[in-house]
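K.L.:
Contents are PDB, C-alpha atoms; file name data.pdb:
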```
ATOM      1  CA  MET V 351     -64.018   1.470  23.199
ATOM      2  CA  ASP V 352     -63.185  -0.280  26.413
ATOM      3  CA  GLU V 353     -60.227  -2.656  25.947
ATOM      4  CA  LYS V 354     -61.217  -4.605  29.081
ATOM      5  CA  ALA V 355     -64.784  -5.223  27.892
ATOM      6  CA  ILE V 356     -65.548  -8.756  26.773
ATOM      7  CA  TYR V 357     -67.785  -9.040  23.732
ATOM      8  CA  PRO V 358     -69.931 -12.124  24.443
ATOM      9  CA  TYR V 359     -71.389 -12.828  20.995
ATOM     10  CA  SER V 360     -70.149 -14.236  17.705
ATOM     11  CA  LEU V 361     -68.695 -12.295  14.803
ATOM     12  CA  GLU V 362     -71.833 -13.166  12.827
ATOM     13  CA  TYR V 363     -73.987 -11.492  15.469
ATOM     14  CA  ALA V 364     -71.697  -8.454  15.628
ATOM     15  CA  LYS V 365     -71.866  -8.000  11.853
ATOM     16  CA  GLN V 366     -75.657  -8.070  11.917
ATOM     17  CA  SER V 367     -75.797  -5.747  14.901
ATOM     18  CA  SER V 368     -73.669  -2.662  14.171
ATOM     19  CA  PRO V 369     -70.226  -1.479  13.040
ATOM     20  CA  GLN V 370     -69.467  -0.603  16.678
ATOM     21  CA  ASP V 371     -70.233  -4.195  17.690
ATOM     22  CA  VAL V 372     -67.866  -5.488  15.010
ATOM     23  CA  GLU V 373     -65.087  -3.260  16.349
ATOM     24  CA  GLN V 374     -65.809  -4.318  19.931
ATOM     25  CA  TYR V 375     -65.813  -7.983  18.843
ATOM     26  CA  LYS V 376     -62.443  -7.589  17.089
ATOM     27  CA  LEU V 377     -60.904  -5.806  20.067
ATOM     28  CA  SER V 378     -62.250  -8.385  22.516
ATOM     29  CA  HIS V 379     -61.065 -11.303  20.370
ATOM     30  CA  LYS V 380     -57.610  -9.729  20.072
ATOM     31  CA  GLN V 381     -57.482  -9.300  23.866
ATOM     32  CA  ASN V 382     -58.529 -12.942  24.371
ATOM     33  CA  ILE V 383     -55.586 -14.026  22.216
ATOM     34  CA  ALA V 384     -53.202 -11.682  24.050
ATOM     35  CA  CYS V 385     -54.439 -13.102  27.366
ATOM     36  CA  LYS V 386     -53.868 -16.662  26.109
ATOM     37  CA  ASN V 387     -50.305 -15.711  25.135
ATOM     38  CA  ALA V 388     -49.711 -14.060  28.526
ATOM     39  CA  ILE V 389     -50.935 -17.184  30.341
ATOM     40  CA  GLU V 390     -48.582 -19.359  28.295
ATOM     41  CA  GLN V 391     -45.681 -17.009  29.050
ATOM     42  CA  ALA V 392     -46.494 -16.906  32.769
ATOM     43  CA  ILE V 393     -46.516 -20.701  32.876
ATOM     44  CA  ARG V 394     -43.196 -20.934  30.963
ATOM     45  CA  GLU V 395     -41.583 -18.461  33.350
ATOM     46  CA  SER V 396     -42.903 -19.959  36.595
ATOM     47  CA  PHE V 397     -42.797 -23.699  35.917
ATOM     48  CA  ASP V 398     -39.433 -25.186  36.936
ATOM     49  CA  GLY V 399     -40.045 -28.612  35.430
ATOM     50  CA  LEU V 400     -41.603 -29.997  38.610
ATOM     51  CA  ARG V 401     -43.637 -27.239  40.191
ATOM     52  CA  LEU V 402     -45.589 -24.210  39.138
ATOM     53  CA  GLY V 403     -44.538 -21.137  41.096
ATOM     54  CA  LYS V 404     -47.005 -19.696  43.589
ATOM     55  CA  ASN V 405     -49.182 -16.879  42.280
ATOM     56  CA  SER V 406     -47.922 -17.472  38.748
ATOM     57  CA  GLY V 407     -50.936 -15.747  37.240
ATOM     58  CA  GLU V 408     -50.884 -12.522  39.269
ATOM     59  CA  GLN V 409     -49.494 -10.372  36.460
ATOM     60  CA  VAL V 410     -51.853 -11.884  33.891
ATOM     61  CA  ILE V 411     -54.810 -11.154  36.175
ATOM     62  CA  ALA V 412     -53.522  -7.617  36.774
ATOM     63  CA  ASP V 413     -53.165  -7.021  33.027
ATOM     64  CA  PHE V 414     -56.376  -8.654  31.794
ATOM     65  CA  GLY V 415     -58.679  -8.937  34.816
ATOM     66  CA  TYR V 416     -60.356 -11.994  36.297
ATOM     67  CA  ASP V 417     -63.199 -11.956  33.788
ATOM     68  CA  ARG V 418     -60.993 -12.363  30.721
ATOM     69  CA  VAL V 419     -58.519 -14.749  32.384
ATOM     70  CA  ASN V 420     -61.402 -16.933  33.558
ATOM     71  CA  LEU V 421     -62.993 -16.785  30.103
ATOM     72  CA  VAL V 422     -59.779 -17.868  28.351
ATOM     73  CA  LEU V 423     -59.129 -20.650  30.874
ATOM     74  CA  ALA V 424     -62.733 -21.894  30.757
ATOM     75  CA  ASN V 425     -62.708 -21.798  26.945
ATOM     76  CA  THR V 426     -59.513 -23.862  26.929
ATOM     77  CA  VAL V 427     -60.956 -26.535  29.209
ATOM     78  CA  GLN V 428     -64.227 -26.606  27.245
ATOM     79  CA  ARG V 429     -62.329 -27.100  23.973
ATOM     80  CA  LYS V 430     -60.157 -29.822  25.600
ATOM     81  CA  ASP V 431     -62.835 -31.485  27.717
ATOM     82  CA  TYR V 432     -61.624 -34.888  26.528
ATOM     83  CA  ASP V 433     -58.227 -34.392  28.228
ATOM     84  CA  GLY V 434     -57.852 -36.367  31.450
ATOM     85  CA  HIS V 435     -55.161 -34.000  32.765
ATOM     86  CA  PHE V 436     -57.853 -31.483  33.788
ATOM     87  CA  SER V 437     -59.494 -32.184  37.133
ATOM     88  CA  HIS V 438     -63.206 -32.952  37.313
ATOM     89  CA  ASP V 439     -63.645 -29.793  39.406
ATOM     90  CA  ASN V 440     -62.007 -27.628  36.748
ATOM     91  CA  LYS V 441     -64.052 -29.262  33.998
ATOM     92  CA  ALA V 442     -67.256 -28.599  35.966
ATOM     93  CA  TRP V 443     -66.143 -25.022  36.657
ATOM     94  CA  ALA V 444     -65.382 -24.402  32.965
ATOM     95  CA  LYS V 445     -68.848 -25.582  31.948
ATOM     96  CA  THR V 446     -70.411 -22.745  33.969
ATOM     97  CA  PHE V 447     -69.042 -20.181  31.495
ATOM     98  CA  PRO V 448     -71.293 -19.447  28.535
ATOM     99  CA  ILE V 449     -69.067 -19.034  25.502
ATOM    100  CA  SER V 450     -70.879 -18.276  22.288
ATOM    101  CA  GLU V 451     -70.240 -20.485  19.259
ATOM    102  CA  ASP V 452     -68.175 -18.489  16.766
ATOM    103  CA  MET V 453     -67.854 -20.246  13.418
ATOM    104  CA  VAL V 454     -66.413 -18.394  10.424
ATOM    105  CA  PHE V 455     -65.943 -20.362   7.182
ATOM    106  CA  ASP V 456     -66.154 -23.670   9.084
ATOM    107  CA  ARG V 457     -63.447 -22.535  11.530
ATOM    108  CA  ASP V 458     -64.188 -22.121  15.211
ATOM    109  CA  ARG V 459     -62.639 -18.814  16.276
ATOM    110  CA  ARG V 460     -62.800 -19.907  19.927
ATOM    111  CA  ASN V 461     -59.787 -22.081  19.120
ATOM    112  CA  ASP V 462     -57.739 -18.894  18.636
ATOM    113  CA  PHE V 463     -57.561 -18.438  22.407
ATOM    114  CA  VAL V 464     -57.008 -21.986  23.610
ATOM    115  CA  VAL V 465     -53.973 -22.137  25.891
ATOM    116  CA  ASP V 466     -51.397 -24.596  24.530
ATOM    117  CA  SER V 467     -49.421 -25.223  27.728
ATOM    118  CA  HIS V 468     -49.212 -28.778  29.063
ATOM    119  CA  PRO V 469     -52.688 -29.567  30.446
ATOM    120  CA  ALA V 470     -51.433 -30.886  33.804
ATOM    121  CA  VAL V 471     -49.492 -27.668  34.453
ATOM    122  CA  LEU V 472     -52.369 -25.588  33.128
ATOM    123  CA  ASP V 473     -54.713 -27.390  35.529
ATOM    124  CA  GLY V 474     -52.509 -26.173  38.393
ATOM    125  CA  PHE V 475     -52.582 -22.640  36.966
ATOM    126  CA  ILE V 476     -56.382 -22.797  36.830
ATOM    127  CA  ASN V 477     -56.470 -23.952  40.467
ATOM    128  CA  GLN V 478     -54.313 -20.979  41.488
ATOM    129  CA  THR V 479     -56.488 -18.545  39.553
ATOM    130  CA  ARG V 480     -59.702 -19.960  41.004
ATOM    131  CA  ARG V 481     -58.290 -19.768  44.553
ATOM    132  CA  ALA V 482     -57.222 -16.156  44.015
ATOM    133  CA  PHE V 483     -60.706 -15.294  42.747
ATOM    134  CA  ALA V 484     -62.371 -17.092  45.683
ATOM    135  CA  GLN V 485     -60.269 -15.101  48.162
ATOM    136  CA  LEU V 486     -61.708 -11.803  46.961
ATOM    137  CA  LYS V 487     -64.199 -10.123  49.210
ATOM    138  CA  PRO V 488     -67.636 -11.599  48.442
ATOM    139  CA  SER V 489     -69.013  -8.226  47.310
ATOM    140  CA  VAL V 490     -66.143  -7.734  44.848
ATOM    141  CA  GLN V 491     -66.466 -11.322  43.643
ATOM    142  CA  LYS V 492     -70.185 -10.842  42.910
ATOM    143  CA  GLN V 493     -69.411  -7.723  40.885
ATOM    144  CA  LEU V 494     -66.848  -9.604  38.808
ATOM    145  CA  GLU V 495     -69.100 -12.567  38.105
ATOM    146  CA  ALA V 496     -70.562 -11.592  34.784
ATOM    147  CA  VAL V 497     -72.166 -14.852  33.706
ATOM    148  CA  PRO V 498     -74.955 -17.029  35.102
ATOM    149  CA  LYS V 499     -73.762 -20.300  36.604
ATOM    150  CA  ASP V 500     -76.564 -22.446  35.188
ATOM    151  CA  SER V 501     -76.133 -21.859  31.462
ATOM    152  CA  LYS V 502     -73.671 -23.608  29.164
ATOM    153  CA  THR V 503     -73.530 -21.209  26.231
ATOM    154  CA  ILE V 504     -74.743 -17.755  25.422
ATOM    155  CA  LYS V 505     -77.763 -17.913  23.215
ATOM    156  CA  ASP V 506     -77.088 -15.955  20.068
ATOM    157  CA  PRO V 507     -80.143 -13.740  19.488
ATOM    158  CA  ILE V 508     -79.793 -14.075  15.722
ATOM    159  CA  LYS V 509     -79.836 -17.863  15.707
ATOM    160  CA  ASP V 510     -82.518 -18.087  18.386
ATOM    161  CA  LYS V 511     -84.969 -15.450  17.184
ATOM    162  CA  GLY V 512     -83.896 -14.498  13.707
ATOM    163  CA  ALA V 513     -82.315 -11.200  12.672
ATOM    164  CA  ARG V 514     -83.128  -8.035  14.596
TER     165      ARG V 514
END
```
Translate the structure of the given file into structure tokens.

P.N.:
Amino acid sequence: MDEKAIYPYSLEYAKQSSPQDVEQYKLSHKQNIACKNAIEQAIRESFDGLRLGKNSGEQVIADFGYDRVNLVLANTVQRKDYDGHFSHDNKAWAKTFPISEDMVFDRDRRNDFVVDSHPAVLDGFINQTRRAFAQLKPSVQKQLEAVPKDSKTIKDPIKDKGAR
């Protein structure tokens, strides 16, 4: 199984799909949490109390890739959309990422990879990450963009069309 691969569906969908999907879901979810922890550590290490160090997310991006870092950051902003510390641009950007609802026993598993750093500092981290992504060559950027910009959430085939 590919550790870098992001599993885009819920645990419920994975269970109804195949044992391989369940394993890929678990691995992807574990990597999302590890990425969240790495982002928090990078912010702790590069924030001096006034400023966030330049390129503070380079190592996180190198370890987890833009796709997962963007997913974790977008998920965080989506879950904390009410917070005025996030810029309107970052809120709009986060809404372009389809993140499948993932409820298990009335608990939203997307909350497992919400970054808990101060939102104002995290907003700066998101700005840095978005700038770094935008500076990629356009052909590389297109390859890394894995989600459509016009959808808000991934439609779960089970909920939308019934079981396979």

K.L.:
When you count all atoms listed in the file, which of these residues is closest to V:Gly415: V:Ala470, V:Ala392, V:Phe483, V:His379?

P.N.:
V:Phe483

K.L.:
Could you list, as a VMD selection string, every residue matched by the PyMOL selection byres ((chain V and resi 477) around 12) in this structure?

P.N.:
chain V and resid 402 404 to 407 420 423 to 424 436 to 441 443 to 444 470 to 476 478 to 484

K.L.:
So the first atom is atom CA of V:Asp433 and the second is atom CA of V:Pro469; what is the distance between them in Å, to one decimal place?

P.N.:
7.7 Å

K.L.:
List as a VMD selection string the residues having at least one atom at most 7 Å from position (-68.9, -15.9, 10.7) as given in the file, counting all atoms listed in the file.

P.N.:
chain V and resid 361 to 362 452 to 455

K.L.:
Which is closest to V:Val372 among V:Cys385, V:Tyr357, V:Arg429, V:Glu395, if we use all atoms listed in the file?

P.N.:
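Closest to V:Val372, using all atoms listed in the file: V:Tyr357.
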
K.L.:
Could you tell me how far atom CA of V:Asn387 sits from atom CA of V:Asp417, in Å to one decimal place?

P.N.:
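Computing the Euclidean distance for atom CA of V:Asp417 and atom CA of V:Asn387 yields 16.0 Å.
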
K.L.:
With distances taken over all atoms listed in the file, which of V:Ala388, V:Val427, V:Ile393, V:Leu377 is nearest to V:Ala412?

P.N.:
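Answer, going by the shortest atom-to-atom distance: V:Ala388.
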